[in-house]
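Peer 1: What follows is the file run_3.cif, containing mmCIF, C-alpha atoms:
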data_coords
#
loop_
_atom_site.label_atom_id
_atom_site.label_comp_id
_atom_site.auth_asym_id
_atom_site.auth_seq_id
_atom_site.Cartn_x
_atom_site.Cartn_y
_atom_site.Cartn_z
CA MET A 25 -6.51 -17.43 -3.66
CA THR A 26 -3.73 -19.45 -1.98
CA ASN A 27 -3.86 -21.98 -4.81
CA ALA A 28 -3.59 -19.10 -7.28
CA ILE A 29 -0.34 -17.94 -5.65
CA PHE A 30 1.27 -21.27 -4.80
CA GLN A 31 1.22 -24.67 -6.53
CA ASP A 32 3.31 -26.73 -4.10
CA ARG A 33 0.81 -28.97 -2.31
CA ALA A 34 3.03 -29.38 0.73
CA LEU A 35 3.35 -25.59 1.09
CA ILE A 36 -0.40 -25.11 0.63
CA ALA A 37 -1.01 -27.70 3.34
CA GLU A 38 1.34 -25.85 5.70
CA ILE A 39 -0.45 -22.58 5.01
CA ALA A 40 -3.83 -24.19 5.66
CA LYS A 41 -2.51 -25.60 8.92
CA HIS A 42 -0.83 -22.51 10.37
CA ALA A 43 -2.29 -19.39 8.73
CA ARG A 44 -5.69 -17.88 9.35
CA THR A 45 -7.98 -15.62 7.37
CA ARG A 46 -9.00 -12.17 8.56
CA THR A 47 -11.41 -9.71 6.99
CA ILE A 48 -11.15 -5.98 7.74
CA ALA A 49 -13.46 -3.17 6.71
CA LYS A 50 -12.56 -0.26 4.45
CA ASP A 51 -10.36 2.37 6.19
CA THR A 52 -9.40 -0.01 9.01
CA VAL A 53 -5.80 0.39 10.21
CA LEU A 54 -4.24 -3.08 10.18
CA ILE A 55 -0.76 -2.09 11.36
CA SER A 56 0.49 1.13 12.94
CA PRO A 57 4.06 2.40 13.44
CA GLY A 58 5.48 0.94 16.62
CA ASP A 59 3.29 -2.17 16.54
CA GLU A 60 4.89 -5.55 17.07
CA VAL A 61 4.49 -7.46 13.80
CA VAL A 62 3.59 -11.04 14.65
CA PHE A 63 2.07 -11.99 11.31
CA LEU A 64 2.68 -11.51 7.61
CA PRO A 65 -0.45 -10.27 5.81
CA ILE A 66 -1.00 -11.63 2.30
CA VAL A 67 -3.84 -9.89 0.50
CA GLN A 68 -6.54 -12.28 -0.74
CA LYS A 69 -9.19 -9.75 -1.73
CA GLY A 70 -9.23 -5.97 -1.60
CA VAL A 71 -6.25 -3.60 -1.31
CA LEU A 72 -3.95 -2.35 1.45
CA ARG A 73 -2.40 1.12 1.37
CA ILE A 74 1.08 1.37 2.91
CA ILE A 75 2.15 4.67 4.46
CA ARG A 76 5.40 5.72 6.13
CA GLN A 77 4.85 7.73 9.30
CA ASP A 78 7.54 9.43 11.38
CA ASP A 79 7.62 10.02 15.14
CA GLU A 80 5.79 13.33 14.72
CA GLY A 81 2.93 11.73 12.81
CA LYS A 82 3.94 13.09 9.41
CA GLU A 83 3.03 10.70 6.62
CA ILE A 84 3.96 9.84 3.08
CA PHE A 85 2.23 7.35 0.79
CA LEU A 86 4.46 4.47 -0.37
CA TYR A 87 2.51 1.87 -2.35
CA HIS A 88 -0.51 -0.44 -2.52
CA LEU A 89 -0.72 -4.18 -1.97
CA TYR A 90 -3.08 -6.06 -4.28
CA PRO A 91 -4.36 -9.67 -4.14
CA GLY A 92 -1.48 -12.12 -3.99
CA GLN A 93 0.93 -9.50 -2.63
CA THR A 94 2.48 -8.89 0.76
CA CYS A 95 4.63 -6.22 2.39
CA ALA A 96 8.43 -6.43 2.34
CA MET A 97 8.61 -4.21 5.42
CA ALA A 98 6.37 -6.63 7.31
CA ILE A 99 8.66 -9.49 6.27
CA ASN A 100 11.68 -7.56 7.53
CA CYS A 101 9.98 -6.72 10.83
CA CYS A 102 8.98 -10.34 11.37
CA GLN A 103 12.47 -11.63 10.63
CA SER A 104 14.33 -8.98 12.63
CA ARG A 105 11.68 -8.77 15.37
CA LYS A 106 11.52 -5.01 15.03
CA ALA A 107 8.48 -2.81 15.48
CA SER A 108 6.59 -1.69 12.39
CA MET A 109 7.81 1.47 10.66
CA VAL A 110 4.75 1.80 8.42
CA LYS A 111 0.98 2.05 8.59
CA ALA A 112 -1.20 -0.40 6.65
CA ILE A 113 -4.76 0.71 5.89
CA ALA A 114 -7.55 -1.15 4.10
CA GLU A 115 -8.32 0.77 0.92
CA ASP A 116 -11.50 -1.29 0.59
CA ASP A 117 -13.09 -4.21 2.45
CA THR A 118 -10.12 -6.55 2.48
CA GLU A 119 -9.53 -10.25 3.14
CA LEU A 120 -6.10 -11.23 4.39
CA LEU A 121 -4.20 -14.43 4.93
CA MET A 122 -2.34 -14.02 8.23
CA VAL A 123 0.91 -15.99 8.26
CA PRO A 124 2.56 -16.35 11.71
CA SER A 125 5.94 -14.63 11.76
CA ASN A 126 7.80 -17.78 12.85
CA MET A 127 6.66 -19.55 9.69
CA ILE A 128 8.43 -17.14 7.32
CA GLU A 129 11.89 -18.58 7.92
CA GLU A 130 10.68 -22.15 8.34
CA TRP A 131 8.90 -22.18 4.98
CA LEU A 132 12.02 -21.04 3.13
CA ARG A 133 12.66 -24.75 2.68
CA PHE A 134 9.96 -24.57 0.02
CA PRO A 135 11.48 -23.14 -3.20
CA GLU A 136 8.15 -21.56 -4.15
CA TRP A 137 7.90 -19.69 -0.84
CA LYS A 138 11.52 -18.55 -1.09
CA THR A 139 10.87 -17.21 -4.59
CA TYR A 140 7.73 -15.44 -3.35
CA ILE A 141 9.62 -13.72 -0.52
CA ASN A 142 12.53 -12.69 -2.76
CA SER A 143 10.24 -11.36 -5.49
CA THR A 144 8.32 -9.39 -2.87
CA TYR A 145 11.52 -7.65 -1.79
CA ALA A 146 12.41 -6.88 -5.42
CA THR A 147 8.97 -5.51 -6.30
CA ARG A 148 8.60 -3.35 -3.21
CA PHE A 149 12.18 -2.06 -3.57
CA ALA A 150 11.41 -0.92 -7.12
CA GLU A 151 8.26 0.83 -5.90
CA LEU A 152 10.16 2.57 -3.12
CA LEU A 153 12.74 3.81 -5.64
CA ASN A 154 9.87 5.23 -7.67
CA VAL A 155 8.63 7.09 -4.59
CA VAL A 156 12.13 8.41 -3.89
CA ASP A 157 12.44 9.58 -7.49
CA LEU A 158 9.09 11.37 -7.29
CA ILE A 159 10.09 13.14 -4.09
CA ALA A 160 13.65 13.97 -5.11
CA PHE A 161 13.32 14.72 -8.81
CA SER A 162 9.69 15.64 -9.50
CA ASN A 163 7.58 18.68 -8.76
CA MET A 164 4.68 18.37 -6.35
CA ASP A 165 2.19 18.40 -9.25
CA LYS A 166 3.62 15.13 -10.57
CA GLN A 167 3.60 13.64 -7.07
CA LEU A 168 -0.04 14.63 -6.70
CA LEU A 169 -1.02 13.14 -10.06
CA HIS A 170 0.81 9.90 -9.22
CA TYR A 171 -1.01 9.76 -5.88
CA LEU A 172 -4.42 10.27 -7.50
CA GLN A 173 -3.68 7.66 -10.16
CA GLN A 174 -2.63 5.09 -7.58
CA ARG A 175 -5.58 5.73 -5.27
CA THR A 176 -8.19 5.60 -8.05
CA LYS A 177 -6.62 2.41 -9.40
CA ALA A 178 -6.71 0.80 -5.95
CA ASN A 179 -10.35 1.79 -5.47
CA ASN A 180 -11.33 0.77 -9.01
CA THR A 181 -13.00 4.13 -9.56
CA THR A 182 -12.29 7.53 -11.11
CA THR A 183 -13.68 9.42 -8.12
CA LEU A 184 -12.08 9.68 -4.69
CA HIS A 185 -14.05 10.84 -1.69
CA ILE A 186 -11.22 12.51 0.16
CA THR A 187 -10.34 15.91 1.60
CA HIS A 188 -7.46 18.09 0.47
CA GLN A 189 -6.07 17.82 4.01
CA GLN A 190 -5.99 14.03 3.84
CA ILE A 191 -4.05 14.20 0.60
CA ALA A 192 -1.67 16.77 2.06
CA ASP A 193 -1.04 14.53 5.07
CA GLU A 194 -0.11 11.54 2.92
CA LEU A 195 2.06 13.62 0.58
CA HIS A 196 3.74 15.38 3.49
CA THR A 197 2.87 18.86 2.25
CA HIS A 198 0.50 21.74 3.01
CA ARG A 199 -3.23 21.68 2.31
CA GLU A 200 -3.02 25.05 0.56
CA ALA A 201 -0.47 23.65 -1.90
CA VAL A 202 -2.67 20.65 -2.67
CA SER A 203 -5.74 22.84 -3.15
CA ARG A 204 -3.85 25.20 -5.47
CA LEU A 205 -2.51 22.33 -7.60
CA LEU A 206 -5.93 20.67 -7.79
CA ARG A 207 -7.50 23.91 -9.02
CA THR A 208 -4.81 24.14 -11.69
CA MET A 209 -5.44 20.53 -12.69
CA GLU A 210 -9.17 21.27 -12.88
CA GLN A 211 -8.51 24.24 -15.18
CA LYS A 212 -6.51 21.90 -17.44
CA GLY A 213 -9.39 19.43 -17.54
CA MET A 214 -7.52 16.75 -15.60
CA VAL A 215 -9.81 16.57 -12.57
CA LYS A 216 -13.28 17.62 -11.51
CA LEU A 217 -13.52 18.89 -7.95
CA GLY A 218 -16.56 18.45 -5.73
CA ARG A 219 -17.27 18.71 -2.03
CA ASN A 220 -14.68 16.35 -0.53
CA SER A 221 -14.45 14.53 -3.85
CA ILE A 222 -12.01 14.46 -6.77
CA GLU A 223 -12.80 12.88 -10.12
CA LEU A 224 -9.76 12.03 -12.22
CA LEU A 225 -10.55 12.88 -15.84
CA ALA A 226 -7.13 12.46 -17.46
CA THR A 227 -3.93 10.60 -16.66
CA ASN A 228 -1.48 12.45 -18.86
CA PRO A 229 1.52 13.95 -17.07
CA VAL A 230 1.17 17.49 -15.79
CA SER A 231 2.93 19.95 -18.08
#
Re-express the file's structure as structure tokens.
Peer 2:
Amino acid sequence: MTNAIFQDRALIAEIAKHARTRTIAKDTVLISPGDEVVFLPIVQKGVLRIIRQDDEGKEIFLYHLYPGQTCAMAINCCQSRKASMVKAIAEDDTELLMVPSNMIEEWLRFPEWKTYINSTYATRFAELLNVVDLIAFSNMDKQLLHYLQQRTKANNTTTLHITHQQIADELHTHREAVSRLLRTMEQKGMVKLGRNSIELLATNPVS
């Protein structure tokens, strides 16, 4: 996967020398809020789900990281030596390339690495703006549909095995509201509800 991301042989050699590979199982928490971030995780296989969590434990889903991608917030924490402000969870069995934090600045001498870091900031910033727009300008039904679309895409399936409470936690809302909206979506033929499962049947916006 490294060769698929980078072409500079000198950079690839540096990565092989200093980085290590780590595999984590589905639902494993890689990083928690308050953790010291001493590595930069680059996804090789699988998917990471990034969640913002406040001091009271309230959560909101931000975005996913797919193969070849890394987290801008992890970059910032490594460079500023600040504790993590997000939670990173393995959406599936996931293989990661763990880059030591001190290498991030040093490898900026490689144009390809510098481009990779800058493009990561740009991509994640755009995704965060999308989240802000959903929260600020959209109804909860659109937020819920977006969440279901992103989770099913990340899991490469149309069915999520998840409780209404888990969804409510990651959307920072009440379980009753999620359950009510899901029942409405089921009546519209958009989802099929089961016991702790949700099958996404349609991806058209909620009217």
Peer 1: Counting all atoms listed in the file, figure out which residue out of A:Lys69, A:Arg204, A:Arg219, A:Lys166 gets nearest to Thr183 in chain A.
Peer 2: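 Closest residue, counting all atoms listed in the file: A:Arg219.
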Peer 1: Tell me which residues the PyMOL selection byres ((chain A and resi 111) around 6) grabs here, as number ranges by chain.
Peer 2: A: 55-57, 74-75, 110, 112
Peer 1: For each of A:Phe149, A:Phe63, A:Phe134, A:Phe30, take the minimum atom-to-atom distance to Ile99 in chain A, counting all atoms listed in the file, then give the residue where this is smallest.
Peer 2: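 Nearest candidate to Ile99 in chain A out of A:Phe149, A:Phe63, A:Phe134, A:Phe30: A:Phe63.
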Peer 1: If I take CA of Leu120 in chain A and CA of His185 in chain A, how far is one from the other in Å, to one decimal?
Peer 2: 24.2 Å
Peer 1: Run through the PyMOL selection byres ((chain A and resi 96-98) around 12) on the given coordinates and return the selected residues as an MDAnalysis selection string.
Peer 2: chainID A and resid 54:57 59:66 74:76 86:89 93:95 99:112 122:125 128 140:152
Peer 1: Which residue gives the smallest distance to Leu72 in chain A among A:Arg133, A:His188, A:Arg175, A:Lys41, with all atoms listed in the file counted?
Peer 2: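 Of A:Arg133, A:His188, A:Arg175, A:Lys41, the one nearest Leu72 in chain A, counting all atoms listed in the file, is A:Arg175.
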Peer 1: Of the candidates A:Ile39, A:Ala34, A:Thr182, A:Gln77, which shows the shortest atom-to-atom distance to Val215 in chain A, using all atoms listed in the file?
Peer 2: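 When distances to Val215 in chain A are compared using all atoms listed in the file, the smallest one comes from A:Thr182.
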Peer 1: Expressed in Å to a single decimal, how great is the separation between CA of Ala114 in chain A and CA of Val71 in chain A?
Peer 2: 6.1 Å
Peer 1: How many Å separate CA of Asp165 in chain A from CA of Leu153 in chain A?
Peer 2: 18.4 Å
Peer 1: Quick one: which residues end up in the PyMOL selection byres ((chain A and resi 197) around 12) for this structure, as an NGL selection string?
Peer 2: :A and (82-85 or 159 or 163-165 or 167-168 or 188-196 or 198-203 or 205)
Peer 1: Can you pull out every residue within 8 Å of Leu184 in chain A, counting only C-alpha atoms, but drop anything in the same chain fewer than 3 positions away, and send it as a list of chain:residue names?
Peer 2: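 The contact residues come out as A:Arg175, A:Thr176, A:Thr181, A:Ser221, A:Ile222, A:Glu223.
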Peer 1: Could you rebuild range 179-208 of chain A with N, CA and C atoms and give it back as a compact mmCIF listing (two decimals), in the frame of the given file?
Peer 2:
# COMPACT_ATOMS: atom_id res chain seq x y z
N ASN A 179 -8.93 1.78 -5.79
CA ASN A 179 -10.35 1.79 -5.47
C ASN A 179 -11.23 1.41 -6.65
N ASN A 180 -10.60 1.15 -7.80
CA ASN A 180 -11.33 0.77 -9.01
C ASN A 180 -12.42 1.78 -9.34
N THR A 181 -12.06 3.05 -9.30
CA THR A 181 -13.00 4.13 -9.56
C THR A 181 -12.23 5.33 -10.10
N THR A 182 -12.93 6.29 -10.67
CA THR A 182 -12.29 7.53 -11.11
C THR A 182 -12.53 8.66 -10.11
N THR A 183 -13.34 8.39 -9.09
CA THR A 183 -13.68 9.42 -8.12
C THR A 183 -13.25 9.03 -6.71
N LEU A 184 -12.50 9.88 -6.08
CA LEU A 184 -12.08 9.68 -4.69
C LEU A 184 -12.87 10.60 -3.78
N HIS A 185 -13.38 10.04 -2.70
CA HIS A 185 -14.05 10.84 -1.69
C HIS A 185 -13.03 11.09 -0.58
N ILE A 186 -12.37 12.21 -0.69
CA ILE A 186 -11.22 12.51 0.16
C ILE A 186 -11.06 14.01 0.28
N THR A 187 -10.55 14.47 1.41
CA THR A 187 -10.34 15.91 1.60
C THR A 187 -8.94 16.30 1.14
N HIS A 188 -8.78 17.58 0.86
CA HIS A 188 -7.46 18.09 0.47
C HIS A 188 -6.47 17.92 1.62
N GLN A 189 -6.95 17.99 2.86
CA GLN A 189 -6.07 17.82 4.01
C GLN A 189 -5.56 16.39 4.11
N GLN A 190 -6.42 15.43 3.81
CA GLN A 190 -5.99 14.03 3.84
C GLN A 190 -4.90 13.77 2.81
N ILE A 191 -5.07 14.35 1.63
CA ILE A 191 -4.05 14.20 0.60
C ILE A 191 -2.75 14.85 1.05
N ALA A 192 -2.86 16.05 1.60
CA ALA A 192 -1.67 16.77 2.06
C ALA A 192 -0.93 15.97 3.12
N ASP A 193 -1.67 15.33 4.01
CA ASP A 193 -1.04 14.53 5.07
C ASP A 193 -0.23 13.38 4.48
N GLU A 194 -0.79 12.72 3.48
CA GLU A 194 -0.11 11.54 2.92
C GLU A 194 0.97 11.91 1.91
N LEU A 195 0.98 13.16 1.46
CA LEU A 195 2.06 13.62 0.58
C LEU A 195 3.06 14.48 1.34
N HIS A 196 2.83 14.62 2.64
CA HIS A 196 3.74 15.38 3.49
C HIS A 196 3.94 16.81 2.96
N THR A 197 2.81 17.48 2.73
CA THR A 197 2.87 18.86 2.25
C THR A 197 1.74 19.64 2.88
N HIS A 198 1.53 20.89 2.43
CA HIS A 198 0.50 21.74 3.01
C HIS A 198 -0.81 21.63 2.23
N ARG A 199 -1.92 21.76 2.94
CA ARG A 199 -3.23 21.68 2.31
C ARG A 199 -3.39 22.75 1.24
N GLU A 200 -2.89 23.95 1.52
CA GLU A 200 -3.02 25.05 0.56
C GLU A 200 -2.35 24.71 -0.76
N ALA A 201 -1.19 24.03 -0.68
CA ALA A 201 -0.47 23.65 -1.90
C ALA A 201 -1.26 22.63 -2.70
N VAL A 202 -1.86 21.67 -2.00
CA VAL A 202 -2.67 20.65 -2.67
C VAL A 202 -3.88 21.30 -3.33
N SER A 203 -4.55 22.18 -2.61
CA SER A 203 -5.74 22.84 -3.15
C SER A 203 -5.39 23.66 -4.39
N ARG A 204 -4.27 24.37 -4.34
CA ARG A 204 -3.85 25.20 -5.47
C ARG A 204 -3.55 24.32 -6.70
N LEU A 205 -2.85 23.22 -6.49
CA LEU A 205 -2.51 22.33 -7.60
C LEU A 205 -3.76 21.66 -8.18
N LEU A 206 -4.70 21.30 -7.31
CA LEU A 206 -5.93 20.67 -7.79
C LEU A 206 -6.75 21.65 -8.62
N ARG A 207 -6.77 22.91 -8.22
CA ARG A 207 -7.50 23.91 -9.02
C ARG A 207 -6.86 24.08 -10.39
N THR A 208 -5.51 24.05 -10.42
CA THR A 208 -4.81 24.14 -11.69
C THR A 208 -5.11 22.94 -12.57
